[in-house]
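Trainee: For reference, the file start.txt (compact mmCIF, C-alpha atoms) is included below:
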```
# COMPACT_ATOMS: atom_id res chain seq x y z
CA MET A 1 34.02 220.99 131.88
CA PRO A 2 32.84 219.81 128.44
CA ARG A 3 34.06 216.44 127.25
CA ILE A 4 34.44 214.89 123.80
CA VAL A 5 34.19 211.16 123.24
CA VAL A 6 36.26 209.46 120.54
CA ASP A 7 35.54 205.84 119.62
CA VAL A 8 38.10 203.82 117.67
CA MET A 9 37.28 200.35 116.32
CA PRO A 10 39.40 197.80 114.45
CA LYS A 11 38.53 197.81 110.75
CA PRO A 12 35.95 195.15 109.82
CA GLU A 13 38.38 193.31 107.52
CA ILE A 14 41.13 193.20 110.17
CA LEU A 15 41.05 190.12 112.37
CA ASP A 16 40.50 191.32 115.95
CA PRO A 17 42.36 188.72 118.03
CA GLN A 18 41.21 190.21 121.34
CA GLY A 19 37.57 190.29 120.30
CA LYS A 20 37.89 186.72 119.08
CA ALA A 21 39.31 185.60 122.43
CA ILE A 22 36.44 187.29 124.27
CA ALA A 23 33.90 185.67 121.95
CA GLY A 24 35.45 182.32 122.79
CA ALA A 25 35.20 183.00 126.53
CA LEU A 26 31.51 183.96 126.61
CA PRO A 27 30.12 180.42 126.22
CA ARG A 28 32.36 179.30 129.08
CA LEU A 29 30.35 181.73 131.25
CA GLY A 30 27.13 180.21 129.96
CA LEU A 31 26.44 183.26 127.80
CA TYR A 32 25.36 181.94 124.40
CA GLY A 33 24.02 183.62 121.31
CA PHE A 34 26.84 186.06 120.48
CA VAL A 35 28.46 185.22 117.17
CA GLU A 36 31.16 187.91 117.19
CA VAL A 37 32.81 190.38 119.56
CA ARG A 38 34.87 193.38 118.41
CA GLN A 39 37.00 195.23 120.95
CA GLY A 40 37.65 198.92 120.38
CA LYS A 41 38.87 201.90 122.37
CA ARG A 42 37.03 204.84 123.89
CA PHE A 43 38.84 208.12 124.59
CA GLU A 44 37.40 211.03 126.57
CA LEU A 45 38.97 214.44 125.93
CA THR A 46 38.14 217.08 128.54
CA VAL A 47 38.16 220.58 127.08
CA ASP A 48 39.61 223.58 128.87
CA GLY A 49 36.92 226.22 128.29
CA GLU A 50 33.79 226.34 126.15
CA ALA A 51 32.42 223.57 123.96
CA THR A 52 33.43 225.13 120.65
CA GLN A 53 33.45 223.77 117.11
CA GLU A 54 37.19 224.44 117.08
CA ALA A 55 37.71 222.07 120.01
CA LEU A 56 35.70 219.40 118.22
CA ASP A 57 37.78 219.88 115.05
CA LYS A 58 40.99 219.51 117.07
CA ALA A 59 39.66 216.33 118.63
CA ARG A 60 38.97 215.00 115.12
CA THR A 61 42.57 215.75 114.14
CA ALA A 62 43.81 213.99 117.29
CA ALA A 63 41.58 211.03 116.48
CA THR A 64 43.00 210.55 112.99
CA THR A 65 46.68 211.35 113.68
CA LEU A 66 47.44 209.86 117.09
CA LEU A 67 44.45 208.06 118.62
CA SER A 68 43.94 205.71 115.67
CA ASN A 69 46.09 204.00 113.07
CA PRO A 70 44.18 204.26 109.75
CA VAL A 71 45.81 201.05 108.49
CA ILE A 72 44.03 198.92 111.07
CA GLU A 73 41.44 201.13 112.79
CA ASP A 74 38.45 203.37 112.00
CA VAL A 75 37.39 206.43 114.01
CA THR A 76 33.69 205.65 114.50
CA ARG A 77 32.62 208.59 116.67
CA VAL A 78 33.84 212.07 117.65
CA GLU A 79 31.15 213.99 119.55
CA TRP A 80 30.34 215.89 122.71
CA ILE A 81 29.30 213.87 125.71
CA VAL A 82 25.76 214.98 126.43
CA ASP A 83 24.52 215.14 130.01
CA ALA A 84 21.33 213.09 129.90
CA ALA A 85 19.61 215.05 132.70
CA ALA A 86 20.27 218.48 131.24
CA GLY A 87 19.77 217.31 127.67
CA ASP A 88 22.70 219.48 126.69
CA VAL A 89 26.48 219.48 126.50
CA GLU A 90 27.96 219.20 129.99
CA MET B 1 87.68 204.44 120.68
CA ASN B 2 84.92 201.92 121.38
CA THR B 3 85.38 201.99 125.12
CA GLU B 4 81.81 202.68 126.20
CA THR B 5 80.33 199.22 125.83
CA PRO B 6 82.49 196.50 127.41
CA LEU B 7 82.63 193.40 125.26
CA ILE B 8 82.95 189.83 126.43
CA GLY B 9 83.49 188.50 122.93
CA SER B 10 86.17 189.53 120.49
CA TYR B 11 86.16 191.43 117.23
CA THR B 12 87.00 188.29 115.29
CA ALA B 13 83.36 188.18 114.25
CA ASN B 14 84.10 190.99 111.79
CA ASP B 15 85.00 189.03 108.70
CA ALA B 16 84.61 191.99 106.37
CA GLY B 17 88.38 192.19 105.94
CA GLN B 18 88.34 195.96 106.17
CA ASP B 19 88.29 198.63 108.88
CA LEU B 20 84.68 199.56 109.52
CA THR B 21 85.18 201.75 112.59
CA ASP B 22 84.55 204.92 110.58
CA ALA B 23 80.93 203.84 110.20
CA ARG B 24 78.87 205.46 112.96
CA VAL B 25 75.56 203.79 113.74
CA GLY B 26 73.16 205.57 116.11
CA ILE B 27 71.03 203.48 118.46
CA VAL B 28 67.89 205.25 119.70
CA THR B 29 66.75 204.77 123.28
CA PHE B 30 63.10 205.53 124.06
CA PRO B 31 61.53 205.28 127.50
CA GLY B 32 60.93 201.53 127.62
CA SER B 33 63.51 200.43 125.03
CA LEU B 34 65.03 197.07 126.01
CA ASP B 35 67.44 195.98 123.31
CA ASP B 36 69.36 199.21 122.75
CA ARG B 37 72.52 197.94 124.45
CA ASP B 38 72.29 194.66 122.56
CA ALA B 39 72.03 196.56 119.27
CA ALA B 40 75.05 198.70 120.23
CA ARG B 41 77.04 195.53 121.02
CA ALA B 42 76.04 194.06 117.67
CA VAL B 43 77.37 197.13 115.87
CA ARG B 44 80.64 196.96 117.80
CA LEU B 45 81.06 193.21 117.34
CA SER B 46 80.59 193.76 113.62
CA GLY B 47 83.43 196.28 113.66
CA GLY B 48 81.54 199.60 113.61
CA THR B 49 81.13 202.46 116.06
CA ALA B 50 77.88 202.58 118.04
CA VAL B 51 76.54 206.02 119.01
CA PRO B 52 73.84 206.14 121.71
CA LEU B 53 70.97 208.51 120.83
CA TRP B 54 68.22 209.69 123.18
CA HIS B 55 64.70 209.99 121.77
CA ALA B 56 64.34 213.59 123.00
CA ASP B 57 67.53 214.69 121.18
CA SER B 58 66.95 217.12 118.35
CA LYS B 59 70.01 216.11 116.31
CA LEU B 60 71.57 212.96 114.96
CA TYR B 61 75.22 213.65 115.94
CA ASP B 62 76.54 212.89 112.43
CA VAL B 63 75.62 209.23 112.51
CA ASP B 64 75.69 207.38 109.18
CA ALA B 65 72.78 205.06 110.01
CA VAL B 66 70.21 204.53 112.76
CA ILE B 67 68.86 201.44 114.49
CA ILE B 68 65.54 201.71 116.33
CA PRO B 69 65.75 198.80 118.77
CA GLY B 70 63.18 196.46 120.30
CA GLY B 71 61.39 196.85 123.59
CA PHE B 72 58.18 198.40 124.80
CA SER B 73 58.58 202.12 124.14
CA TYR B 74 56.10 204.10 126.25
CA GLY B 75 54.87 200.75 127.54
CA ASP B 76 53.19 200.15 124.15
CA TYR B 77 50.37 202.33 125.51
CA LEU B 78 47.80 203.41 122.91
CA ARG B 79 49.38 201.19 120.21
CA ALA B 80 52.88 199.78 119.89
CA GLY B 81 55.10 202.60 118.60
CA ALA B 82 52.32 205.19 118.31
CA ILE B 83 53.64 207.61 120.92
CA SER B 84 57.33 207.10 120.10
CA ARG B 85 56.67 208.14 116.53
CA PHE B 86 56.19 211.72 117.75
CA SER B 87 59.54 211.94 119.61
CA PRO B 88 61.70 214.88 118.43
CA LEU B 89 64.44 212.58 117.16
CA MET B 90 61.97 210.69 114.94
CA ASP B 91 61.40 213.84 112.87
CA ARG B 92 65.16 214.02 112.21
CA ILE B 93 65.25 210.30 111.37
CA ILE B 94 62.31 210.59 108.96
CA ASP B 95 63.95 213.57 107.22
CA ALA B 96 67.33 211.80 106.95
CA ALA B 97 65.74 208.57 105.69
CA ASN B 98 63.81 210.43 102.99
CA SER B 99 66.70 212.77 102.05
CA ASP B 100 68.85 212.37 98.95
CA ALA B 101 71.50 210.77 101.17
CA LYS B 102 68.98 208.05 102.06
CA MET B 103 70.35 207.33 105.52
CA PRO B 104 69.97 203.62 106.35
CA VAL B 105 67.43 202.95 109.12
CA LEU B 106 66.68 199.56 110.68
CA GLY B 107 63.72 199.03 113.00
CA ILE B 108 63.75 195.81 114.97
CA CYS B 109 60.51 194.51 116.57
CA ASN B 110 59.17 197.55 118.46
CA GLY B 111 61.38 199.60 116.13
CA PHE B 112 59.55 198.06 113.14
CA GLN B 113 56.26 199.07 114.77
CA ILE B 114 57.58 202.63 115.20
CA LEU B 115 58.62 202.77 111.52
CA THR B 116 55.11 201.82 110.39
CA GLU B 117 53.55 204.39 112.73
CA ALA B 118 55.99 206.95 111.27
CA HIS B 119 54.83 205.93 107.74
CA LEU B 120 58.40 205.16 106.70
CA LEU B 121 57.12 201.64 106.07
CA PRO B 122 53.57 200.59 105.07
CA GLY B 123 51.20 198.36 107.01
CA SER B 124 50.88 197.81 110.73
CA MET B 125 51.37 195.28 113.49
CA ILE B 126 48.57 193.70 115.51
CA LYS B 127 48.52 191.09 118.27
CA ASN B 128 49.77 187.61 117.37
CA ASP B 129 46.91 185.52 115.98
CA HIS B 130 47.23 183.07 118.89
CA LEU B 131 47.32 185.92 121.47
CA GLN B 132 50.38 184.41 123.18
CA PHE B 133 53.71 186.08 123.77
CA MET B 134 56.06 184.16 121.50
CA CYS B 135 59.75 183.46 122.14
CA ARG B 136 61.60 181.05 119.86
CA ASP B 137 64.58 180.68 117.56
CA GLN B 138 63.15 181.51 114.15
CA ARG B 139 64.37 180.61 110.67
CA LEU B 140 64.15 183.37 108.07
CA ARG B 141 64.92 183.64 104.38
CA VAL B 142 66.54 186.74 102.89
CA GLU B 143 64.24 187.54 99.95
CA ASN B 144 66.12 190.68 98.90
CA ASN B 145 69.88 191.00 99.38
CA THR B 146 70.17 194.42 97.75
CA THR B 147 69.05 196.58 100.69
CA ALA B 148 71.46 198.54 102.88
CA TRP B 149 70.91 195.97 105.64
CA THR B 150 71.14 192.70 103.65
CA SER B 151 73.94 193.22 101.11
CA SER B 152 76.32 190.83 102.91
CA PHE B 153 73.92 187.89 102.40
CA GLU B 154 73.91 185.57 99.42
CA ALA B 155 70.66 185.65 97.44
CA GLY B 156 68.14 183.35 99.15
CA ALA B 157 70.32 182.93 102.23
CA GLU B 158 68.66 181.76 105.44
CA LEU B 159 69.38 182.74 109.01
CA VAL B 160 68.22 181.68 112.47
CA VAL B 161 67.69 184.46 115.02
CA PRO B 162 65.55 184.81 118.16
CA LEU B 163 61.98 186.08 117.85
CA LYS B 164 60.10 187.45 120.86
CA ASN B 165 56.92 189.49 120.65
CA GLN B 166 53.27 189.78 121.53
CA GLU B 167 52.30 192.16 118.78
CA GLY B 168 54.11 190.79 115.76
CA GLN B 169 51.37 189.99 113.26
CA TYR B 170 52.14 192.05 110.16
CA VAL B 171 49.03 193.26 108.35
CA ALA B 172 48.41 195.45 105.30
CA ASP B 173 45.70 195.55 102.63
CA GLU B 174 46.01 193.25 99.63
CA LYS B 175 47.03 196.09 97.30
CA THR B 176 49.93 197.07 99.57
CA LEU B 177 50.99 193.44 99.96
CA ASP B 178 50.96 192.99 96.17
CA GLU B 179 53.06 196.14 95.79
CA LEU B 180 55.58 194.93 98.37
CA GLU B 181 55.88 191.57 96.61
CA GLY B 182 56.04 193.09 93.13
CA GLU B 183 58.74 195.60 94.03
CA GLY B 184 60.89 193.10 95.94
CA ARG B 185 60.27 194.88 99.19
CA VAL B 186 59.55 191.74 101.19
CA VAL B 187 63.09 191.50 102.60
CA PHE B 188 62.70 188.65 105.09
CA ARG B 189 60.16 185.82 105.18
CA TYR B 190 59.44 183.27 107.91
CA VAL B 191 60.52 179.75 106.93
CA ASP B 192 58.99 176.47 108.21
CA HIS B 193 56.69 178.19 110.71
CA ASN B 194 54.74 181.45 110.75
CA PRO B 195 54.96 182.42 114.43
CA ASN B 196 52.29 185.13 114.57
CA GLY B 197 49.95 184.96 111.59
CA SER B 198 51.74 187.65 109.59
CA ARG B 199 50.33 188.14 106.09
CA ARG B 200 52.21 186.12 103.47
CA ASP B 201 54.76 184.99 106.10
CA ILE B 202 56.33 188.45 106.05
CA ALA B 203 59.02 188.98 108.72
CA GLY B 204 60.61 192.13 107.31
CA ILE B 205 60.05 194.75 104.60
CA SER B 206 61.80 197.78 103.15
CA ASN B 207 60.85 201.13 101.69
CA SER B 208 61.13 201.53 97.92
CA ALA B 209 64.71 202.90 98.13
CA GLY B 210 65.87 199.96 100.28
CA ASN B 211 67.51 202.11 102.96
CA VAL B 212 64.71 201.69 105.52
CA VAL B 213 64.11 198.12 106.72
CA GLY B 214 61.80 196.81 109.44
CA LEU B 215 62.31 193.33 110.88
CA MET B 216 60.26 191.61 113.57
CA PRO B 217 62.80 188.98 114.84
CA HIS B 218 65.99 190.04 116.62
CA PRO B 219 69.33 189.70 114.74
CA GLU B 220 71.11 191.62 117.54
CA HIS B 221 70.60 188.58 119.80
CA ALA B 222 72.56 186.31 117.45
CA VAL B 223 75.93 188.04 117.20
CA GLU B 224 78.05 186.76 120.08
CA ALA B 225 79.22 183.22 120.82
CA GLY B 226 77.66 182.03 124.08
CA PHE B 227 74.64 184.32 123.81
CA GLY B 228 72.95 183.33 120.54
CA PRO B 229 70.60 180.56 119.37
CA ASP B 230 71.60 176.89 119.57
CA THR B 231 71.26 176.54 115.81
CA SER B 232 72.26 178.43 112.73
CA ALA B 233 70.87 178.28 109.20
CA THR B 234 73.60 175.78 108.33
CA GLY B 235 72.76 173.39 111.19
CA PRO B 236 73.42 172.88 114.90
CA VAL B 237 76.17 174.92 116.52
CA GLU B 238 77.88 174.64 119.85
CA LEU B 239 75.94 175.87 122.87
CA ARG B 240 74.33 179.25 122.08
CA GLY B 241 76.81 179.75 119.27
CA GLY B 242 74.43 181.06 116.60
CA LEU B 243 75.87 184.19 114.94
CA ASP B 244 73.56 184.50 111.92
CA GLY B 245 72.50 188.03 112.89
CA LEU B 246 75.96 189.51 112.31
CA ALA B 247 75.63 189.81 108.55
CA ILE B 248 72.82 192.37 108.94
CA PHE B 249 75.15 194.69 110.82
CA THR B 250 78.20 194.08 108.62
CA SER B 251 75.92 194.77 105.63
CA VAL B 252 75.14 198.32 106.74
CA LEU B 253 78.70 199.00 107.92
CA LYS B 254 80.08 197.99 104.53
CA THR B 255 77.37 200.03 102.79
CA ILE B 256 78.42 203.10 104.80
CA VAL B 257 82.16 202.61 104.31
CA GLY B 258 81.56 202.00 100.60
CA SER B 259 79.58 205.21 100.23
CA LYS B 260 82.31 207.20 101.99
CA ALA B 261 85.11 205.81 99.84
```
Take the structure in the file and write it out as structure tokens.

Mentor:
Amino acid sequence: MPRIVVDVMPKPEILDPQGKAIAGALPRLGLYGFVEVRQGKRFELTVDGEATQEALDKARTAATTLLSNPVIEDVTRVEWIVDAAAGDVE
Amino acid sequence: MNTETPLIGSYTANDAGQDLTDARVGIVTFPGSLDDRDAARAVRLSGGTAVPLWHADSKLYDVDAVIIPGGFSYGDYLRAGAISRFSPLMDRIIDAANSDAKMPVLGICNGFQILTEAHLLPGSMIKNDHLQFMCRDQRLRVENNTTAWTSSFEAGAELVVPLKNQEGQYVADEKTLDELEGEGRVVFRYVDHNPNGSRRDIAGISNSAGNVVGLMPHPEHAVEAGFGPDTSATGPVELRGGLDGLAIFTSVLKTIVGSKA
């Protein structure tokens, strides 16, 4: 069944405490060279039926009303998950 | 009357000098609410009548005010308060809060988060800047004593109540913060110590009408001798004798009784 991916990231101007904590942990693993880490969320919405524009529009509405809080987060991606082998929507 | 929640303490805490039992305050329980019974006790100890409400209810049972208590509604999945905001009862609460009657609504901790997700209050809550769960007795200053929930306080009064949260850092853009300050809508501010990195030491805010208030610390845990903080705003008290939270509940009860008179 076709799937839609929604990415939500904390706004650039909002301090991301979790990302900051991860950035602080990387050097303790010996992994240097990363100056910042931002932690976001990825949602996958599986569609019942065809991969229609209507389904994508509904996913966009879900992304802005429930999946993200516009005060602190940006929706950075709403698109079909493409099967790499087929080169098309799953 | 008032037989549902057994009380250990007495009603002597109600110093309002008037009968407040006609004031009915609804306490909403969501899946994962923790402090609903404490909030109901606080209403009763202050002299009012507490009415339990279930989040899936579609009516408000003629309550005069609503408290959205602390806890971890829906496990704080997605974001704190994000899923609760779409409960059937929240639509009724939003309508009543925005109606001409301007029903008083108080959101405490998780309830504050729900009120921001419901857009009854601006801004949002993110994880504490130090990433730790924080539990301490916190001193606050009442910056606005004209709201439905703070009218029993003297101007500039301070109170000490417990604070406990992981996601209590209040954030909003500079324009919103300036508006809140300019319109006197910063209702409570942290004193001595900012426990979570909240912008401008904000602990609680109101909507423009003053009937909707969100507060991160927990006044309902400072209402009963033996179960409160070890200090009050006026100094040390006997063991766990801090009762500074009571005035928030007597404020709304008196507001309700006054509006009915």

Trainee: If we count only C-alpha atoms and set the cut-off at 6 Å, which residues sit around region 42-49 of chain A, ignoring sequence neighbours fewer than 5 positions away in its own chain? Please answer as a PyMOL selection string.

Mentor: chain A and resi 2-7

Trainee: Go ahead and compute the interatomic distance for CA of Val105 (chain B) and CA of Phe133 (chain B), in Å to one decimal.

Mentor: 26.2 Å

Trainee: Using only C-alpha atoms, find all polymer residues with an atom at most 10 Å away from the point (32.4, 191.8, 117.9); report them as a ChimeraX atom specification.

Mentor: /A:9-10,12,16,18-20,22-23,34-40

Trainee: One number please: CA of Ile68 (chain B) to CA of Asp192 (chain B), in Å, one decimal.

Mentor: 27.3 Å

Trainee: With all atoms listed in the file as the counted atoms, please give the residues lying no more than 8 Å from region 62-74 of chain A, apart from itself and same-chain residues fewer than 5 positions off, as a PyMOL selection string.

Mentor: (chain A and resi 6+8-11+14) or (chain B and resi 78+82-83+117+123-124+172)

Trainee: Please report the interatomic distance between CA of Val75 (chain A) and CA of Arg60 (chain A) in Å with one decimal.

Mentor: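 Pair CA of Val75 (chain A) / CA of Arg60 (chain A) returns 8.8 Å.
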
Trainee: Save region 116-134 of chain B from what I just supplied, as a PDB file, in the first residue's frame, atoms limited to N, CA, C and O atoms.

Mentor:
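Result file is part_23.pdb:
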```pdb
ATOM      1  N   THR B 116      -2.320  25.439  25.492  1.00  0.00           N
ATOM      2  CA  THR B 116      -1.566  26.026  24.370  1.00  0.00           C
ATOM      3  C   THR B 116      -1.850  25.253  23.090  1.00  0.00           C
ATOM      4  O   THR B 116      -2.032  25.854  22.026  1.00  0.00           O
ATOM      5  N   GLU B 117      -1.920  23.931  23.183  1.00  0.00           N
ATOM      6  CA  GLU B 117      -2.233  23.137  21.983  1.00  0.00           C
ATOM      7  C   GLU B 117      -3.636  23.480  21.470  1.00  0.00           C
ATOM      8  O   GLU B 117      -3.903  23.407  20.277  1.00  0.00           O
ATOM      9  N   ALA B 118      -4.545  23.826  22.393  1.00  0.00           N
ATOM     10  CA  ALA B 118      -5.916  24.185  22.010  1.00  0.00           C
ATOM     11  C   ALA B 118      -6.003  25.632  21.529  1.00  0.00           C
ATOM     12  O   ALA B 118      -7.092  26.092  21.167  1.00  0.00           O
ATOM     13  N   HIS B 119      -4.892  26.372  21.557  1.00  0.00           N
ATOM     14  CA  HIS B 119      -4.820  27.774  21.153  1.00  0.00           C
ATOM     15  C   HIS B 119      -5.684  28.685  22.025  1.00  0.00           C
ATOM     16  O   HIS B 119      -6.090  29.761  21.593  1.00  0.00           O
ATOM     17  N   LEU B 120      -6.008  28.234  23.235  1.00  0.00           N
ATOM     18  CA  LEU B 120      -6.652  29.144  24.183  1.00  0.00           C
ATOM     19  C   LEU B 120      -5.596  30.061  24.797  1.00  0.00           C
ATOM     20  O   LEU B 120      -5.912  31.147  25.285  1.00  0.00           O
ATOM     21  N   LEU B 121      -4.356  29.597  24.810  1.00  0.00           N
ATOM     22  CA  LEU B 121      -3.233  30.402  25.281  1.00  0.00           C
ATOM     23  C   LEU B 121      -2.128  30.329  24.226  1.00  0.00           C
ATOM     24  O   LEU B 121      -1.969  29.294  23.570  1.00  0.00           O
ATOM     25  N   PRO B 122      -1.343  31.410  24.065  1.00  0.00           N
ATOM     26  CA  PRO B 122      -0.286  31.397  23.045  1.00  0.00           C
ATOM     27  C   PRO B 122       0.980  30.684  23.536  1.00  0.00           C
ATOM     28  O   PRO B 122       1.131  30.418  24.727  1.00  0.00           O
ATOM     29  N   GLY B 123       1.878  30.405  22.594  1.00  0.00           N
ATOM     30  CA  GLY B 123       3.162  29.810  22.946  1.00  0.00           C
ATOM     31  C   GLY B 123       3.095  28.304  23.032  1.00  0.00           C
ATOM     32  O   GLY B 123       2.113  27.682  22.612  1.00  0.00           O
ATOM     33  N   SER B 124       4.151  27.722  23.586  1.00  0.00           N
ATOM     34  CA  SER B 124       4.225  26.269  23.679  1.00  0.00           C
ATOM     35  C   SER B 124       5.235  25.889  24.757  1.00  0.00           C
ATOM     36  O   SER B 124       5.928  26.742  25.302  1.00  0.00           O
ATOM     37  N   MET B 125       5.244  24.599  25.057  1.00  0.00           N
ATOM     38  CA  MET B 125       6.163  24.107  26.093  1.00  0.00           C
ATOM     39  C   MET B 125       7.130  23.123  25.460  1.00  0.00           C
ATOM     40  O   MET B 125       6.718  22.243  24.713  1.00  0.00           O
ATOM     41  N   ILE B 126       8.428  23.285  25.743  1.00  0.00           N
ATOM     42  CA  ILE B 126       9.395  22.295  25.273  1.00  0.00           C
ATOM     43  C   ILE B 126      10.144  21.730  26.483  1.00  0.00           C
ATOM     44  O   ILE B 126       9.928  22.177  27.614  1.00  0.00           O
ATOM     45  N   LYS B 127      11.017  20.762  26.226  1.00  0.00           N
ATOM     46  CA  LYS B 127      11.742  20.114  27.329  1.00  0.00           C
ATOM     47  C   LYS B 127      12.536  21.144  28.133  1.00  0.00           C
ATOM     48  O   LYS B 127      13.029  22.124  27.590  1.00  0.00           O
ATOM     49  N   ASN B 128      12.667  20.895  29.429  1.00  0.00           N
ATOM     50  CA  ASN B 128      13.464  21.764  30.289  1.00  0.00           C
ATOM     51  C   ASN B 128      14.858  21.941  29.676  1.00  0.00           C
ATOM     52  O   ASN B 128      15.404  20.987  29.097  1.00  0.00           O
ATOM     53  N   ASP B 129      15.433  23.122  29.828  1.00  0.00           N
ATOM     54  CA  ASP B 129      16.718  23.386  29.165  1.00  0.00           C
ATOM     55  C   ASP B 129      17.828  22.464  29.650  1.00  0.00           C
ATOM     56  O   ASP B 129      18.771  22.183  28.934  1.00  0.00           O
ATOM     57  N   HIS B 130      17.684  21.946  30.883  1.00  0.00           N
ATOM     58  CA  HIS B 130      18.718  21.048  31.427  1.00  0.00           C
ATOM     59  C   HIS B 130      18.375  19.587  31.196  1.00  0.00           C
ATOM     60  O   HIS B 130      19.114  18.711  31.623  1.00  0.00           O
ATOM     61  N   LEU B 131      17.243  19.314  30.545  1.00  0.00           N
ATOM     62  CA  LEU B 131      16.808  17.963  30.166  1.00  0.00           C
ATOM     63  C   LEU B 131      16.403  17.075  31.337  1.00  0.00           C
ATOM     64  O   LEU B 131      16.023  15.930  31.147  1.00  0.00           O
ATOM     65  N   GLN B 132      16.515  17.580  32.568  1.00  0.00           N
ATOM     66  CA  GLN B 132      16.194  16.755  33.732  1.00  0.00           C
ATOM     67  C   GLN B 132      14.722  16.931  34.115  1.00  0.00           C
ATOM     68  O   GLN B 132      14.165  18.004  33.949  1.00  0.00           O
ATOM     69  N   PHE B 133      14.136  15.864  34.652  1.00  0.00           N
ATOM     70  CA  PHE B 133      12.859  16.026  35.347  1.00  0.00           C
ATOM     71  C   PHE B 133      13.147  16.874  36.575  1.00  0.00           C
ATOM     72  O   PHE B 133      14.150  16.663  37.263  1.00  0.00           O
ATOM     73  N   MET B 134      12.290  17.847  36.847  1.00  0.00           N
ATOM     74  CA  MET B 134      12.538  18.766  37.957  1.00  0.00           C
ATOM     75  C   MET B 134      11.416  18.658  38.974  1.00  0.00           C
ATOM     76  O   MET B 134      10.241  18.650  38.599  1.00  0.00           O
TER      77      MET B 134
END
```
